[in-house]
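S.K.: Take this structure first; my questions come after.
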Amino acid sequence: METFLRIRESSPSELLADRLEREARVAAIDYPEQAQDYQRQAEMLRAMIAIQKTPARNMFADNFLTNA
């Protein structure tokens, strides 16, 4: 049940980062270079996810004139 809830509440980027981390663990023994690449990609995705969640000003709303 926890897995379904996690999938429902996660963004596609978070799910892809999880998948890359799983693939890195699987490839670690036979393909260490590929595992490092998967891990690096997962870290980059997690960093991008964190950046997206910072609040940004709505430039359209700032420039929209209202009849107040």
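The way I read the labels, and the way they are meant: chains A, B, ... in the order of the structure tokens, residue 1 as the first residue of every chain, and ligand 1 as the first ligand shown, with later ones counted on from there.
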Show me, as a list in words, the residues that have an atom within 8 Å of range 10-23 of chain A when counting only C-alpha atoms, minus same-chain residues fewer than 3 positions from it.
M.R.: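 The contact residues come out as Arg6, Ile7, Val26, Ala27, Ala35, Tyr38, Gln39, Gln41, Ala42, Glu43, Leu45, Arg46 and Ile49 of chain A.
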S.K.: Could those selected residues go to a file with all heavy atoms, as a short mmCIF file (atom, residue, chain, number, x, y, z; two decimals), in the first residue's frame?
M.R.:
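Writing the result to part31.cif gives the following:
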```cif
data_model
loop_
_atom_site.label_atom_id
_atom_site.label_comp_id
_atom_site.auth_asym_id
_atom_site.auth_seq_id
_atom_site.Cartn_x
_atom_site.Cartn_y
_atom_site.Cartn_z
N ARG A 6 3.18 6.22 -2.57
CA ARG A 6 4.41 6.91 -2.98
C ARG A 6 4.36 7.26 -4.46
O ARG A 6 4.72 8.35 -4.87
CB ARG A 6 5.62 6.00 -2.68
CG ARG A 6 6.90 6.45 -3.31
CD ARG A 6 7.74 7.22 -2.34
NE ARG A 6 9.04 7.50 -2.91
CZ ARG A 6 9.38 8.66 -3.43
NH1 ARG A 6 8.54 9.65 -3.42
NH2 ARG A 6 10.57 8.86 -3.92
N ILE A 7 3.91 6.34 -5.30
CA ILE A 7 3.82 6.59 -6.74
C ILE A 7 2.82 7.69 -7.01
O ILE A 7 3.06 8.58 -7.83
CB ILE A 7 3.44 5.29 -7.49
CG1 ILE A 7 4.60 4.31 -7.43
CG2 ILE A 7 3.06 5.59 -8.93
CD1 ILE A 7 4.27 2.93 -7.95
N VAL A 26 21.82 -2.37 -8.86
CA VAL A 26 21.88 -3.63 -9.62
C VAL A 26 23.15 -3.70 -10.44
O VAL A 26 23.80 -4.75 -10.52
CB VAL A 26 20.63 -3.76 -10.51
CG1 VAL A 26 20.78 -4.91 -11.49
CG2 VAL A 26 19.37 -3.92 -9.67
N ALA A 27 23.54 -2.60 -11.06
CA ALA A 27 24.71 -2.59 -11.96
C ALA A 27 26.03 -2.46 -11.22
O ALA A 27 27.09 -2.59 -11.84
CB ALA A 27 24.56 -1.44 -12.95
N ALA A 35 27.05 2.11 -13.12
CA ALA A 35 26.40 2.36 -11.83
C ALA A 35 26.72 3.77 -11.33
O ALA A 35 25.83 4.46 -10.83
CB ALA A 35 26.85 1.33 -10.81
N TYR A 38 24.59 6.17 -13.38
CA TYR A 38 23.20 6.16 -12.91
C TYR A 38 23.06 6.97 -11.62
O TYR A 38 22.13 7.75 -11.45
CB TYR A 38 22.71 4.74 -12.65
CG TYR A 38 22.39 3.94 -13.89
CD1 TYR A 38 22.49 2.55 -13.87
CD2 TYR A 38 21.95 4.54 -15.06
CE1 TYR A 38 22.19 1.79 -14.98
CE2 TYR A 38 21.65 3.78 -16.19
CZ TYR A 38 21.77 2.41 -16.14
OH TYR A 38 21.47 1.65 -17.23
N GLN A 39 24.00 6.76 -10.70
CA GLN A 39 23.95 7.47 -9.42
C GLN A 39 24.10 8.97 -9.62
O GLN A 39 23.40 9.76 -9.01
CB GLN A 39 25.03 6.94 -8.47
CG GLN A 39 24.89 7.42 -7.07
CD GLN A 39 23.60 6.98 -6.41
OE1 GLN A 39 23.14 5.86 -6.58
NE2 GLN A 39 23.00 7.86 -5.65
N GLN A 41 23.32 10.68 -12.31
CA GLN A 41 22.08 11.18 -12.93
C GLN A 41 20.97 11.33 -11.89
O GLN A 41 20.21 12.32 -11.90
CB GLN A 41 21.64 10.25 -14.05
CG GLN A 41 22.53 10.28 -15.26
CD GLN A 41 22.08 9.28 -16.31
OE1 GLN A 41 20.91 8.93 -16.38
NE2 GLN A 41 23.01 8.83 -17.13
N ALA A 42 20.87 10.38 -10.99
CA ALA A 42 19.86 10.45 -9.93
C ALA A 42 20.11 11.65 -9.02
O ALA A 42 19.18 12.37 -8.65
CB ALA A 42 19.86 9.16 -9.11
N GLU A 43 21.37 11.90 -8.69
CA GLU A 43 21.71 13.06 -7.85
C GLU A 43 21.37 14.37 -8.57
O GLU A 43 20.86 15.31 -7.95
CB GLU A 43 23.19 13.03 -7.49
CG GLU A 43 23.56 11.94 -6.51
CD GLU A 43 25.06 11.78 -6.33
OE1 GLU A 43 25.83 12.60 -6.90
OE2 GLU A 43 25.47 10.84 -5.63
N LEU A 45 19.04 14.80 -10.86
CA LEU A 45 17.59 14.92 -10.86
C LEU A 45 17.07 15.41 -9.52
O LEU A 45 16.20 16.27 -9.46
CB LEU A 45 16.94 13.58 -11.19
CG LEU A 45 16.61 13.32 -12.64
CD1 LEU A 45 16.12 11.89 -12.82
CD2 LEU A 45 15.60 14.28 -13.16
N ARG A 46 17.61 14.84 -8.45
CA ARG A 46 17.17 15.27 -7.11
C ARG A 46 17.50 16.75 -6.87
O ARG A 46 16.71 17.47 -6.27
CB ARG A 46 17.82 14.41 -6.04
CG ARG A 46 17.42 12.96 -6.15
CD ARG A 46 16.84 12.44 -4.88
NE ARG A 46 16.58 11.01 -5.00
CZ ARG A 46 15.36 10.51 -5.15
NH1 ARG A 46 14.33 11.31 -5.19
NH2 ARG A 46 15.17 9.21 -5.26
N ILE A 49 14.95 18.75 -8.81
CA ILE A 49 13.65 18.71 -8.13
C ILE A 49 13.62 19.73 -7.00
O ILE A 49 12.65 20.46 -6.82
CB ILE A 49 13.36 17.30 -7.58
CG1 ILE A 49 13.16 16.32 -8.73
CG2 ILE A 49 12.16 17.30 -6.65
CD1 ILE A 49 13.20 14.86 -8.30
#
```
